$ cat run.cif   # mmCIF, C-alpha atoms
data_work
#
loop_
_atom_site.label_atom_id
_atom_site.label_comp_id
_atom_site.auth_asym_id
_atom_site.auth_seq_id
_atom_site.Cartn_x
_atom_site.Cartn_y
_atom_site.Cartn_z
CA MET A 1 -39.77 -44.61 -11.88
CA ASP A 2 -36.61 -43.06 -10.49
CA ALA A 3 -35.37 -42.78 -6.91
CA LEU A 4 -36.84 -39.29 -6.48
CA ILE A 5 -40.40 -40.31 -7.34
CA LEU A 6 -40.19 -43.46 -5.24
CA SER A 7 -38.70 -41.56 -2.29
CA ARG A 8 -41.55 -39.06 -2.46
CA TRP A 9 -44.07 -41.90 -2.52
CA GLN A 10 -42.36 -43.60 0.40
CA PHE A 11 -42.34 -40.47 2.56
CA ALA A 12 -45.96 -39.72 1.64
CA VAL A 13 -47.14 -43.22 2.54
CA THR A 14 -45.31 -43.39 5.87
CA THR A 15 -46.32 -39.85 6.81
CA ILE A 16 -49.99 -40.51 6.08
CA TYR A 17 -49.83 -43.69 8.15
CA HIS A 18 -48.26 -41.76 11.03
CA PHE A 19 -50.73 -38.91 10.82
CA PHE A 20 -53.66 -41.30 11.02
CA LEU A 21 -52.64 -41.57 14.69
CA VAL A 22 -51.38 -38.10 15.65
CA PRO A 23 -54.68 -36.14 15.82
CA LEU A 24 -56.34 -38.70 18.08
CA THR A 25 -53.35 -38.59 20.44
CA LEU A 26 -53.61 -34.80 20.69
CA GLY A 27 -57.36 -34.65 21.20
CA LEU A 28 -58.08 -37.79 23.22
CA SER A 29 -55.27 -37.07 25.72
CA LEU A 30 -57.09 -33.82 26.55
CA LEU A 31 -60.53 -35.43 26.78
CA VAL A 32 -59.27 -38.25 29.04
CA ALA A 33 -57.62 -35.67 31.31
CA ILE A 34 -60.89 -33.70 31.42
CA PHE A 35 -62.83 -36.83 32.41
CA GLU A 36 -60.36 -37.59 35.19
CA SER A 37 -60.51 -33.97 36.34
CA ARG A 38 -64.28 -34.27 36.66
CA TYR A 39 -63.84 -37.47 38.67
CA VAL A 40 -61.37 -35.87 41.09
CA ALA A 41 -63.50 -32.72 41.43
CA THR A 42 -66.88 -34.43 41.91
CA GLY A 43 -66.12 -37.95 43.11
CA ASP A 44 -68.57 -39.23 40.46
CA GLU A 45 -67.31 -42.69 39.52
CA THR A 46 -68.98 -42.42 36.12
CA TYR A 47 -66.13 -40.15 35.09
CA LEU A 48 -63.60 -42.64 36.43
CA ARG A 49 -65.11 -45.35 34.25
CA LEU A 50 -65.03 -42.98 31.26
CA THR A 51 -61.40 -42.13 31.98
CA LYS A 52 -60.36 -45.76 32.01
CA PHE A 53 -62.50 -46.76 29.04
CA TRP A 54 -61.31 -44.03 26.67
CA GLY A 55 -57.84 -44.05 28.21
CA ARG A 56 -57.35 -47.59 26.96
CA ILE A 57 -58.02 -46.48 23.39
CA PHE A 58 -55.64 -43.56 23.86
CA LEU A 59 -52.86 -45.95 24.95
CA ILE A 60 -53.38 -48.20 21.91
CA ASN A 61 -53.25 -45.22 19.57
CA PHE A 62 -50.25 -43.67 21.36
CA ALA A 63 -48.17 -46.86 21.15
CA ALA A 64 -48.81 -47.24 17.42
CA GLY A 65 -48.02 -43.56 16.87
CA VAL A 66 -44.60 -43.96 18.47
CA VAL A 67 -43.74 -46.88 16.17
CA THR A 68 -44.81 -45.10 12.98
CA GLY A 69 -43.12 -41.87 14.06
CA ILE A 70 -39.72 -43.55 14.48
CA VAL A 71 -39.76 -44.52 10.80
CA GLN A 72 -39.97 -40.84 9.83
CA GLU A 73 -36.60 -40.09 11.43
CA PHE A 74 -34.77 -42.56 9.19
CA HIS A 75 -36.03 -40.93 6.00
CA PHE A 76 -34.05 -37.74 6.53
CA GLY A 77 -30.68 -39.47 6.71
CA MET A 78 -31.32 -42.24 4.19
CA ASN A 79 -33.58 -40.95 1.40
CA TRP A 80 -33.25 -37.20 1.89
CA SER A 81 -29.60 -36.58 2.75
CA GLY A 82 -29.57 -33.49 0.52
CA TYR A 83 -32.30 -32.02 2.67
CA ALA A 84 -30.57 -33.09 5.91
CA ARG A 85 -27.33 -31.50 4.74
CA PHE A 86 -29.02 -28.25 3.72
CA MET A 87 -31.44 -27.97 6.63
CA GLY A 88 -29.70 -29.85 9.44
CA ASP A 89 -28.64 -26.75 11.36
CA ILE A 90 -32.24 -25.53 11.53
CA PHE A 91 -34.34 -28.69 11.35
CA GLY A 92 -32.25 -30.55 13.92
CA ALA A 93 -32.87 -28.10 16.77
CA PRO A 94 -36.68 -28.42 17.10
CA LEU A 95 -36.53 -32.19 16.50
CA ALA A 96 -33.96 -32.61 19.27
CA ILE A 97 -35.96 -30.44 21.67
CA GLU A 98 -39.12 -32.39 20.80
CA ALA A 99 -37.41 -35.67 21.71
CA LEU A 100 -35.64 -34.44 24.84
CA LEU A 101 -38.47 -32.33 26.23
CA ALA A 102 -41.87 -33.33 24.93
CA PHE A 103 -41.47 -37.02 24.07
CA TYR A 104 -39.62 -37.88 27.29
CA LEU A 105 -42.20 -35.89 29.25
CA GLU A 106 -45.17 -37.76 27.84
CA SER A 107 -43.39 -41.13 27.88
CA THR A 108 -42.42 -40.78 31.55
CA PHE A 109 -45.78 -39.62 32.81
CA ILE A 110 -47.76 -42.05 30.68
CA GLY A 111 -46.03 -44.79 32.68
CA LEU A 112 -47.03 -43.14 35.94
CA TRP A 113 -50.58 -42.77 34.66
CA VAL A 114 -50.88 -46.41 33.57
CA PHE A 115 -49.29 -48.03 36.61
CA GLY A 116 -50.13 -45.46 39.26
CA TRP A 117 -53.87 -46.00 39.73
CA ASP A 118 -53.48 -47.85 43.03
CA LYS A 119 -50.18 -46.22 44.03
CA LEU A 120 -50.57 -42.45 43.57
CA PRO A 121 -52.96 -40.02 45.31
CA LYS A 122 -55.81 -39.00 43.03
CA ARG A 123 -54.55 -35.48 42.43
CA MET A 124 -51.04 -36.67 41.66
CA HIS A 125 -52.42 -39.23 39.24
CA LEU A 126 -54.52 -36.49 37.64
CA ALA A 127 -51.38 -34.36 37.29
CA ALA A 128 -49.77 -37.24 35.39
CA ALA A 129 -52.76 -37.34 33.02
CA TRP A 130 -52.44 -33.63 32.28
CA LEU A 131 -48.67 -33.85 31.84
CA VAL A 132 -49.21 -36.61 29.26
CA ALA A 133 -51.68 -34.37 27.41
CA ILE A 134 -49.40 -31.35 27.67
CA GLY A 135 -46.37 -33.38 26.54
CA SER A 136 -48.25 -34.73 23.52
CA ASN A 137 -49.29 -31.26 22.44
CA ILE A 138 -45.87 -29.71 23.11
CA SER A 139 -44.44 -32.44 20.89
CA ALA A 140 -46.69 -31.26 18.07
CA VAL A 141 -45.52 -27.67 18.60
CA TRP A 142 -41.86 -28.53 17.96
CA ILE A 143 -42.62 -30.70 14.94
CA LEU A 144 -44.69 -27.89 13.46
CA ILE A 145 -41.97 -25.33 14.20
CA ALA A 146 -39.77 -27.36 11.87
CA ASN A 147 -42.53 -27.72 9.27
CA SER A 148 -43.44 -24.04 9.49
CA PHE A 149 -39.89 -23.15 8.46
CA MET A 150 -40.38 -25.29 5.36
CA GLN A 151 -43.55 -23.33 4.58
CA ASN A 152 -42.28 -19.87 5.58
CA PRO A 153 -38.50 -19.66 6.16
CA VAL A 154 -37.45 -17.16 8.87
CA GLY A 155 -34.41 -16.50 11.04
CA TYR A 156 -31.81 -17.99 8.68
CA ALA A 157 -28.87 -17.19 6.45
CA ILE A 158 -27.33 -19.16 3.58
CA GLU A 159 -23.68 -20.03 4.23
CA ASN A 160 -21.63 -22.38 2.05
CA GLY A 161 -24.77 -23.65 0.38
CA ARG A 162 -26.50 -24.49 3.68
CA ALA A 163 -29.26 -22.80 5.66
CA VAL A 164 -27.97 -21.82 9.09
CA MET A 165 -29.99 -20.47 11.99
CA THR A 166 -29.44 -16.82 12.81
CA SER A 167 -32.33 -16.37 15.24
CA PHE A 168 -33.86 -19.14 17.36
CA LEU A 169 -36.47 -16.63 18.51
CA ALA A 170 -37.54 -15.98 14.92
CA LEU A 171 -37.77 -19.73 14.35
CA ILE A 172 -40.13 -20.35 17.27
CA THR A 173 -42.20 -17.21 16.58
CA ASN A 174 -42.69 -17.97 12.90
CA PRO A 175 -45.98 -16.25 11.95
CA ASN A 176 -47.07 -19.42 10.16
CA LEU A 177 -46.82 -21.48 13.36
CA PRO A 178 -49.93 -20.32 15.28
CA TYR A 179 -52.19 -20.95 12.29
CA GLN A 180 -50.68 -24.36 11.62
CA TYR A 181 -50.44 -25.59 15.22
CA PHE A 182 -53.88 -24.54 16.41
CA HIS A 183 -55.40 -25.86 13.19
CA VAL A 184 -53.81 -29.26 13.94
CA LEU A 185 -54.88 -29.09 17.59
CA ALA A 186 -58.47 -28.30 16.59
CA ALA A 187 -58.36 -31.23 14.16
CA GLY A 188 -57.22 -33.46 17.04
CA ILE A 189 -60.08 -32.27 19.25
CA CYS A 190 -62.51 -32.94 16.41
CA THR A 191 -61.02 -36.42 15.84
CA ALA A 192 -61.33 -37.36 19.50
CA GLY A 193 -64.85 -35.97 19.66
CA PHE A 194 -66.04 -38.01 16.70
CA LEU A 195 -64.36 -41.21 17.86
CA VAL A 196 -65.99 -40.98 21.30
CA LEU A 197 -69.26 -39.89 19.70
CA GLY A 198 -69.27 -42.81 17.27
CA PHE A 199 -68.52 -45.52 19.82
CA SER A 200 -70.91 -43.98 22.34
CA ALA A 201 -73.62 -44.13 19.67
CA TRP A 202 -72.76 -47.81 19.08
CA HIS A 203 -73.27 -48.59 22.77
CA LEU A 204 -76.53 -46.65 22.87
CA LEU A 205 -77.76 -48.78 19.98
CA HIS A 206 -76.63 -52.16 21.31
CA ASN A 207 -76.83 -51.95 25.10
CA GLN A 208 -79.88 -51.96 27.30
CA ASP A 209 -78.19 -52.21 30.70
CA ALA A 210 -76.65 -49.93 33.27
CA SER A 211 -73.91 -48.75 30.89
CA ILE A 212 -76.49 -46.79 28.90
CA GLN A 213 -76.24 -43.87 31.33
CA LEU A 214 -72.47 -44.02 31.09
CA PHE A 215 -72.49 -43.67 27.32
CA GLN A 216 -75.24 -41.08 27.32
CA LYS A 217 -72.91 -38.88 29.36
CA SER A 218 -70.01 -39.77 27.10
CA PHE A 219 -72.14 -38.92 24.07
CA ARG A 220 -73.00 -35.46 25.42
CA TRP A 221 -69.38 -34.65 26.21
CA ALA A 222 -68.21 -35.87 22.83
CA ALA A 223 -70.84 -33.83 20.99
CA VAL A 224 -69.58 -30.65 22.66
CA PHE A 225 -65.95 -31.63 22.03
CA ALA A 226 -66.59 -32.45 18.36
CA LEU A 227 -68.54 -29.23 17.77
CA ILE A 228 -65.84 -27.08 19.37
CA GLY A 229 -63.24 -28.83 17.21
CA ALA A 230 -65.25 -28.52 13.99
CA ILE A 231 -65.99 -24.81 14.48
CA THR A 232 -62.44 -23.99 15.54
CA VAL A 233 -60.79 -25.90 12.72
CA GLY A 234 -62.96 -24.04 10.21
CA LEU A 235 -62.22 -20.60 11.64
CA LEU A 236 -58.50 -21.30 11.87
CA GLY A 237 -58.45 -22.74 8.38
CA ASP A 238 -60.03 -19.56 7.05
CA ALA A 239 -57.46 -17.41 8.88
CA HIS A 240 -54.61 -19.61 7.66
CA GLY A 241 -55.86 -19.32 4.09
CA LYS A 242 -55.74 -15.52 4.32
CA PHE A 243 -52.17 -15.76 5.63
CA LEU A 244 -51.14 -18.11 2.81
CA GLY A 245 -52.63 -15.70 0.30
CA LYS A 246 -49.79 -13.35 1.28
CA THR A 247 -46.93 -15.80 1.90
CA GLN A 248 -47.65 -18.66 -0.55
CA PRO A 249 -49.91 -17.28 -3.29
CA MET A 250 -48.95 -20.19 -5.57
CA LYS A 251 -50.45 -22.62 -3.04
CA ILE A 252 -53.73 -20.69 -2.96
CA ALA A 253 -53.86 -20.49 -6.76
CA ALA A 254 -53.21 -24.25 -7.05
CA ALA A 255 -55.87 -25.08 -4.45
CA GLU A 256 -58.35 -22.99 -6.44
CA ALA A 257 -57.17 -24.06 -9.94
CA LEU A 258 -56.94 -20.36 -10.77
CA TRP A 259 -54.84 -20.01 -13.92
CA SER A 260 -55.34 -16.30 -14.68
CA THR A 261 -55.30 -13.36 -12.30
CA GLN A 262 -58.79 -12.13 -11.44
CA ASP A 263 -60.16 -9.06 -9.69
CA PRO A 264 -62.57 -9.90 -8.18
CA ALA A 265 -61.80 -13.60 -8.13
CA ASP A 266 -64.47 -16.28 -8.36
CA PHE A 267 -64.49 -19.37 -6.15
CA ILE A 268 -64.49 -22.53 -8.26
CA LEU A 269 -66.77 -25.22 -6.84
CA VAL A 270 -65.88 -27.96 -9.35
CA ALA A 271 -63.67 -27.96 -12.40
CA SER A 272 -62.27 -30.13 -15.16
CA ILE A 273 -58.58 -29.28 -14.91
CA ASP A 274 -56.22 -29.51 -17.89
CA GLU A 275 -52.74 -29.13 -16.41
CA GLU A 276 -51.04 -29.78 -19.74
CA ASN A 277 -52.68 -26.77 -21.41
CA LEU A 278 -52.77 -24.68 -18.21
CA GLU A 279 -56.53 -24.16 -18.19
CA ASN A 280 -59.83 -25.49 -16.90
CA LYS A 281 -62.02 -27.10 -19.53
CA PHE A 282 -65.11 -26.73 -17.38
CA GLU A 283 -65.88 -25.02 -14.07
CA VAL A 284 -68.76 -24.03 -11.82
CA THR A 285 -68.04 -20.84 -9.88
CA ILE A 286 -69.41 -18.55 -7.20
CA PRO A 287 -68.76 -15.00 -8.40
CA SER A 288 -66.32 -12.93 -6.30
CA ALA A 289 -66.34 -15.50 -3.48
CA LEU A 290 -62.59 -16.19 -3.54
CA SER A 291 -61.82 -12.50 -3.09
CA PHE A 292 -64.22 -12.48 -0.15
CA LEU A 293 -62.47 -15.48 1.44
CA LEU A 294 -59.08 -13.80 1.17
CA TYR A 295 -59.98 -10.14 1.84
CA ASN A 296 -63.38 -10.24 3.61
CA ARG A 297 -64.78 -8.16 0.77
CA PHE A 298 -66.14 -8.96 -2.67
CA SER A 299 -63.23 -7.32 -4.45
CA GLY A 300 -59.48 -7.70 -4.54
CA PRO A 301 -57.05 -9.34 -6.96
CA VAL A 302 -55.96 -12.96 -6.70
CA GLU A 303 -52.94 -13.86 -8.80
CA GLY A 304 -53.27 -16.80 -11.16
CA LEU A 305 -50.85 -19.66 -11.68
CA ASN A 306 -49.61 -18.41 -15.06
CA ASP A 307 -48.65 -14.99 -13.71
CA LEU A 308 -47.10 -16.50 -10.59
CA GLN A 309 -45.07 -18.87 -12.79
CA GLU A 310 -43.63 -15.90 -14.68
CA ASP A 311 -42.77 -14.17 -11.41
CA ALA A 312 -41.07 -17.32 -10.11
CA VAL A 313 -38.98 -17.69 -13.25
CA GLN A 314 -37.76 -14.11 -12.88
CA MET A 315 -36.92 -14.68 -9.21
CA TYR A 316 -35.48 -18.21 -9.24
CA GLY A 317 -34.53 -18.88 -12.85
CA PRO A 318 -35.96 -21.22 -15.53
CA GLY A 319 -38.16 -24.09 -14.35
CA ASN A 320 -41.71 -25.19 -13.67
CA TYR A 321 -42.89 -23.79 -10.35
CA ILE A 322 -46.57 -24.74 -10.65
CA PRO A 323 -47.62 -27.42 -8.08
CA PRO A 324 -49.78 -30.42 -9.01
CA VAL A 325 -53.04 -28.53 -9.45
CA THR A 326 -55.52 -31.41 -9.68
CA ILE A 327 -54.32 -33.00 -6.42
CA SER A 328 -54.28 -29.63 -4.64
CA PHE A 329 -57.70 -28.59 -5.94
CA TRP A 330 -59.57 -31.75 -4.98
CA SER A 331 -57.68 -32.26 -1.69
CA PHE A 332 -58.91 -28.86 -0.57
CA ARG A 333 -62.50 -29.65 -1.47
CA ILE A 334 -62.46 -33.07 0.18
CA MET A 335 -61.02 -31.48 3.32
CA VAL A 336 -63.58 -28.67 3.42
CA GLY A 337 -66.48 -30.97 2.50
CA SER A 338 -65.57 -33.38 5.30
CA GLY A 339 -65.27 -30.45 7.70
CA LEU A 340 -68.71 -29.09 6.84
CA LEU A 341 -70.27 -32.54 7.24
CA MET A 342 -68.59 -32.90 10.65
CA LEU A 343 -69.90 -29.51 11.70
CA LEU A 344 -73.45 -30.55 10.77
CA LEU A 345 -73.25 -33.94 12.50
CA ALA A 346 -71.70 -32.49 15.67
CA LEU A 347 -74.40 -29.82 15.86
CA LEU A 348 -77.15 -32.41 15.39
CA ALA A 349 -75.56 -34.64 18.04
CA LEU A 350 -75.53 -31.76 20.49
CA LEU A 351 -79.17 -30.92 19.75
CA GLN A 352 -80.29 -34.55 19.61
CA PRO A 353 -81.91 -34.63 23.08
CA ARG A 354 -83.97 -31.55 22.16
CA LEU A 355 -85.07 -32.61 18.67
CA LYS A 356 -87.88 -35.17 18.62
CA PHE A 357 -87.05 -36.48 15.15
CA LEU A 358 -83.47 -37.23 16.29
CA LYS A 359 -84.08 -38.32 19.87
CA GLN A 360 -85.65 -41.59 18.81
CA SER A 361 -83.69 -41.96 15.56
CA ARG A 362 -81.59 -45.10 15.40
CA LEU A 363 -80.49 -44.14 11.89
CA PHE A 364 -78.73 -41.03 13.17
CA LEU A 365 -76.85 -43.08 15.77
CA LYS A 366 -75.89 -45.59 13.09
CA LEU A 367 -74.46 -42.79 10.94
CA LEU A 368 -72.17 -41.63 13.72
CA LEU A 369 -70.07 -44.81 13.73
CA PRO A 370 -68.77 -44.45 10.12
CA ALA A 371 -68.56 -40.69 10.77
CA ILE A 372 -65.51 -41.52 12.92
CA LEU A 373 -63.62 -41.63 9.62
CA LEU A 374 -64.49 -38.06 8.61
CA PRO A 375 -61.78 -36.27 10.64
CA TYR A 376 -59.21 -38.77 9.38
CA ILE A 377 -60.22 -38.02 5.81
CA ALA A 378 -60.12 -34.27 6.42
CA SER A 379 -56.72 -34.36 8.15
CA THR A 380 -55.16 -36.62 5.51
CA PHE A 381 -56.24 -34.50 2.58
CA GLY A 382 -55.38 -31.34 4.49
CA TRP A 383 -51.78 -32.49 4.77
CA ILE A 384 -51.73 -33.65 1.16
CA LEU A 385 -52.76 -30.12 0.21
CA THR A 386 -50.20 -28.52 2.53
CA GLU A 387 -47.28 -30.52 1.18
CA SER A 388 -48.20 -31.08 -2.48
CA ALA A 389 -49.16 -27.45 -3.13
CA ARG A 390 -45.69 -26.38 -1.92
CA GLN A 391 -44.06 -28.28 -4.78
CA PRO A 392 -41.56 -28.10 -6.39
CA TRP A 393 -40.08 -26.71 -3.16
CA ILE A 394 -39.22 -28.82 -0.14
CA VAL A 395 -38.21 -25.61 1.67
CA TYR A 396 -40.24 -22.80 0.15
CA GLY A 397 -38.04 -20.58 -2.00
CA LEU A 398 -34.80 -22.16 -0.74
CA GLN A 399 -34.46 -25.79 -1.78
CA MET A 400 -36.25 -27.82 -4.43
CA VAL A 401 -37.34 -31.41 -3.89
CA GLN A 402 -35.06 -32.71 -6.61
CA ASP A 403 -32.04 -31.27 -4.76
CA ALA A 404 -33.08 -32.82 -1.43
CA VAL A 405 -33.02 -36.52 -2.37
CA SER A 406 -30.01 -38.70 -1.50
CA PRO A 407 -27.75 -38.90 -4.58
CA ASN A 408 -26.55 -42.48 -4.04
CA VAL A 409 -29.87 -44.16 -3.24
CA THR A 410 -31.01 -46.42 -6.07
CA ALA A 411 -34.56 -46.83 -7.31
CA GLY A 412 -34.47 -50.56 -6.49
CA THR A 413 -33.51 -49.92 -2.87
CA VAL A 414 -36.24 -47.36 -2.40
CA LEU A 415 -38.82 -49.57 -4.12
CA PHE A 416 -37.99 -52.46 -1.79
CA SER A 417 -38.29 -50.30 1.34
CA LEU A 418 -41.43 -48.63 -0.03
CA ILE A 419 -43.13 -52.01 -0.41
CA LEU A 420 -41.84 -53.14 2.99
CA PHE A 421 -43.02 -50.01 4.83
CA THR A 422 -46.35 -49.98 3.03
CA VAL A 423 -47.08 -53.58 4.02
CA LEU A 424 -45.71 -53.49 7.57
CA LEU A 425 -47.08 -50.09 8.54
CA GLY A 426 -50.33 -50.83 6.74
CA GLY A 427 -50.61 -53.99 8.82
CA LEU A 428 -49.84 -52.02 11.97
CA ILE A 429 -52.52 -49.47 11.16
CA GLY A 430 -54.98 -52.28 10.43
CA VAL A 431 -54.23 -54.00 13.74
CA THR A 432 -54.44 -50.65 15.57
CA GLY A 433 -57.81 -49.92 13.98
CA TRP A 434 -59.07 -53.38 14.93
CA LEU A 435 -57.86 -52.97 18.53
CA ILE A 436 -59.49 -49.54 18.77
CA PHE A 437 -62.75 -50.91 17.35
CA THR A 438 -62.83 -53.91 19.68
CA SER A 439 -61.98 -51.69 22.66
CA GLY A 440 -64.53 -49.07 21.67
CA THR A 441 -67.30 -51.64 21.31
CA SER A 442 -66.40 -53.64 24.44
CA GLN A 443 -68.18 -53.33 27.74
CA PRO A 444 -66.57 -50.95 30.25
CA GLN A 445 -64.98 -52.76 33.16
CA PRO A 446 -66.24 -52.16 36.68
CA VAL A 447 -64.09 -49.79 38.73
CA GLY A 448 -61.75 -51.52 41.15
CA ALA A 449 -61.84 -50.46 44.77
CA GLU A 450 -58.15 -49.55 44.69
CA ALA A 451 -58.86 -46.81 42.10
CA ARG A 452 -61.34 -45.17 44.41
CA VAL A 453 -58.97 -44.77 47.34
CA ASP A 454 -57.99 -41.16 47.95
CA LYS A 455 -54.59 -41.50 49.56
#

$ encode --input "run.cif" --output "C-alpha cells"
Amino acid sequence: MDALILSRWQFAVTTIYHFFLVPLTLGLSLLVAIFESRYVATGDETYLRLTKFWGRIFLINFAAGVVTGIVQEFHFGMNWSGYARFMGDIFGAPLAIEALLAFYLESTFIGLWVFGWDKLPKRMHLAAAWLVAIGSNISAVWILIANSFMQNPVGYAIENGRAVMTSFLALITNPNLPYQYFHVLAAGICTAGFLVLGFSAWHLLHNQDASIQLFQKSFRWAAVFALIGAITVGLLGDAHGKFLGKTQPMKIAAAEALWSTQDPADFILVASIDEENLENKFEVTIPSALSFLLYNRFSGPVEGLNDLQEDAVQMYGPGNYIPPVTISFWSFRIMVGSGLLMLLLALLALLQPRLKFLKQSRLFLKLLLPAILLPYIASTFGWILTESARQPWIVYGLQMVQDAVSPNVTAGTVLFSLILFTVLLGGLIGVTGWLIFTSGTSQPQPVGAEARVDK
C-alpha cells in the first residue's frame, strides 16, 4: 500500500468514528430541549426527570464527539496538504466560522446548562438548553457548507492553481446545501428517536415500579420523534437524489450500477457487479423504476457509467472517472433498507398502544433495543456512498484525490498513525457506547428540590 491509499483509509476510519456521534448530538439536543420546554410550560416534573435522564446521555455523546472531531482538523494539514493548499481559501472560511460561532456557542451554554440547575431561573436555564441545540445544529450547517462545495463547487475562480472564493453568498447558498443539511438533521432526529425508544423499551421490560410511567411517556415521545425523522429523511433523500441526477450523474449511475444509458431506466434491486469488465453478470430489476425516482414519471433517460466515462475523458482528459461501483451500489441499498426498517418500527411503536398484538408483545420491545443501531448503520453507509461515489474527485470536477495527498508523507508514517487512531478512537467509541448503555439502562435519579425552584 502507498501513502495515498493509507491516507484515504485513515480519513475514512476517523470520519466514521466521528460521525457515529454527530447525529445523536443533533437530534438529542433538540429532544432534551423539548422535554425541558414541556417542564417549564406545564410544571410537570416528569419532564424534568426526562430532561436530566436523557441529558446525561447527550453530554456523554457530546464530549466524545468533540474529541473525535479534533482529530479531523489535523488530517488537512498533515495528510492532505495538497487539498489544504488548493482549497484553503474556500474551506477555511466555513471551518473558522463554525469554530468561532457555533462551537463556542454550544460549548459556553452547555456549561451554563450543566452547572446552572440550581443557579439560573427556569426560563434562563431553558434558553441555555435551546442555545446548545441551536449551536450544535449551526455547527453542522457550516461543516456541510464546506462539504457541499466539494460536491457542487460554486462561487469560486481558479487563480495560480488554487481555488479562491469569489462569492461568499454563493458559497452559503449552494443549492446542494439544503438537501444535504436537512437530510443530516432528519437523520439526527431519527437517531435520537430510536435511542430513546430503545432504552425506554428496555425499562418497560425490566421495571415494575414508579418509573414505568416515566418511560411510557418517553416511549411515546420517542416514537413520534423517530417517525418524523424516518419519514423526513426518506423524503429529503428522494429530493436529493433527483438533484444529484442533474449535478452528479456519475454518482447516481454508480449507486445504481448502471453501465449503459437507458430510457426508461430500470431500478436494480440486486446485482452481481463485474467492475473489471464494466458490466453486471446478474441483476434483478424493477422496470422503469429508476426513471420514476429521478423524474416522477416512468420515462426519461438515465446516463450509464460507460457513456459518462467518455464524457469525462473529453472534458477532463485521459483517466478513469468511474467511482467504486460495488461499494456505492451496496452502500445505497444498506442505507435505504435500514431506513425502511426504521420507518416500519417507528410506525409500529407509535401505534403500539392501539394494536392488541403489539400492546402486550415483549418481543417487539426486545427488538427495539438492537434497533438503536439502525440509524447508525444508515448514516454510516449514507456517508460512504456520498464520499466514495464522488471518486476520483476530492472536489468534484476541480481536484482529484491523488493530487490532494501530502507529497512528503511516507506510507510507514501514515500506517503507524492509522493503527494508532483506529485503536485509540475505537477504544473511545467503545467506552462511549458502554457509558451510553449503562446510563440508558440505569434508574432515573429523583429530582432534587433545588431544580424545582423557580427563581

$ residues_around --input "run.cif" --residues "range 423-436 of chain A" --least-positions-apart "5" --cutoff "9 Å" --atoms "only C-alpha atoms" --output "list in words"
Thr14, Tyr17, His18, Phe20, Leu21, Arg56, Ile57, Phe58, Ile60, Asn61, Ala64, Val67, Thr68, Leu418 and Thr441 of chain A

$ write_last_selection --input "run.cif" --atoms "C-alpha atoms" --output "PDB file, in the frame of the given file"
ATOM      1  CA  THR A  14     -45.310 -43.390   5.870  1.00  0.00           C
ATOM      2  CA  TYR A  17     -49.830 -43.690   8.150  1.00  0.00           C
ATOM      3  CA  HIS A  18     -48.260 -41.760  11.030  1.00  0.00           C
ATOM      4  CA  PHE A  20     -53.660 -41.300  11.020  1.00  0.00           C
ATOM      5  CA  LEU A  21     -52.640 -41.570  14.690  1.00  0.00           C
ATOM      6  CA  ARG A  56     -57.350 -47.590  26.960  1.00  0.00           C
ATOM      7  CA  ILE A  57     -58.020 -46.480  23.390  1.00  0.00           C
ATOM      8  CA  PHE A  58     -55.640 -43.560  23.860  1.00  0.00           C
ATOM      9  CA  ILE A  60     -53.380 -48.200  21.910  1.00  0.00           C
ATOM     10  CA  ASN A  61     -53.250 -45.220  19.570  1.00  0.00           C
ATOM     11  CA  ALA A  64     -48.810 -47.240  17.420  1.00  0.00           C
ATOM     12  CA  VAL A  67     -43.740 -46.880  16.170  1.00  0.00           C
ATOM     13  CA  THR A  68     -44.810 -45.100  12.980  1.00  0.00           C
ATOM     14  CA  LEU A 418     -41.430 -48.630  -0.030  1.00  0.00           C
ATOM     15  CA  THR A 441     -67.300 -51.640  21.310  1.00  0.00           C
TER      16      THR A 441
END

$ resolve_selection --input "run.cif" --expression "the PyMOL selection byres ((chain A and resi 107-110) around 10)" --output "number ranges by chain"
A: 59, 62, 66, 102-106, 111-116, 125, 127-133, 135-136

$ closest_residue --input "run.cif" --among "A:Gln352, A:Ser200, A:Asn152, A:Thr25" --to "Pro444 in chain A" --atoms "all atoms listed in the file"
A:Ser200

$ residues_around --input "run.cif" --residues "Glu256 in chain A" --least-positions-apart "5" --cutoff "10 Å" --atoms "all atoms listed in the file" --output "list in words"
Met250, Lys251, Asp266, Phe267, Ile268, Leu269, Val270, Ala271, Leu290, Gly304, Leu305, Val325, Thr326, Ser328, Phe329, Trp330, Phe332 and Arg333 of chain A

$ closest_residue --input "run.cif" --among "A:Thr173, A:Thr380, A:Asn79, A:Thr46" --to "Thr191 in chain A" --atoms "only C-alpha atoms"
A:Thr380

$ closest_residue --input "run.cif" --among "A:Val233, A:Leu369, A:Leu348, A:Arg8" --to "Pro392 in chain A" --atoms "only C-alpha atoms"
A:Arg8

$ residues_around --input "run.cif" --residues "range 159-161 of chain A" --least-positions-apart "3" --cutoff "12 Å" --atoms "all atoms listed in the file" --output "MDAnalysis selection string"
chainID A and resid 82:83 85:87 89 156 164:166 398:399 403

$ atom_distance --input "run.cif" --atom1 "CA of Gly245 in chain A" --atom2 "CA of Val141 in chain A"
23.0 Å

$ closest_residue --input "run.cif" --among "A:Val414, A:Leu420, A:Val336, A:Leu185" --to "His75 in chain A" --atoms "only C-alpha atoms"
A:Val414

$ residues_around --input "run.cif" --residues "Asn207 in chain A" --least-positions-apart "6" --cutoff "12 Å" --atoms "only C-alpha atoms" --output "short mmCIF file (atom, residue, chain, number, x, y, z; two decimals) with C-alpha atoms, in the coordinates of the input"
data_model
loop_
_atom_site.label_atom_id
_atom_site.label_comp_id
_atom_site.auth_asym_id
_atom_site.auth_seq_id
_atom_site.Cartn_x
_atom_site.Cartn_y
_atom_site.Cartn_z
CA PHE A 199 -68.52 -45.52 19.82
CA SER A 200 -70.91 -43.98 22.34
CA ALA A 201 -73.62 -44.13 19.67
CA GLN A 213 -76.24 -43.87 31.33
CA LEU A 214 -72.47 -44.02 31.09
CA PHE A 215 -72.49 -43.67 27.32
CA GLN A 216 -75.24 -41.08 27.32
CA THR A 441 -67.30 -51.64 21.31
CA SER A 442 -66.40 -53.64 24.44
CA GLN A 443 -68.18 -53.33 27.74
CA PRO A 444 -66.57 -50.95 30.25
#

$ axis_aligned_box --input "run.cif" --around "range 235-241 of chain A" --padding-each-side "5 Å" --output "JSON"
{"center_x": -58.4, "center_y": -20.1, "center_z": 8.0, "size_x": 17.6, "size_y": 15.3, "size_z": 17.8}

$ residues_around --input "run.cif" --residues "range 26-39 of chain A" --least-positions-apart "2" --cutoff "7 Å" --atoms "only C-alpha atoms" --output "ChimeraX atom specification"
/A:22-24,41-45,47-48,50-51,54-55,58,126,129-130,133,136-137,185,188-189,191-192
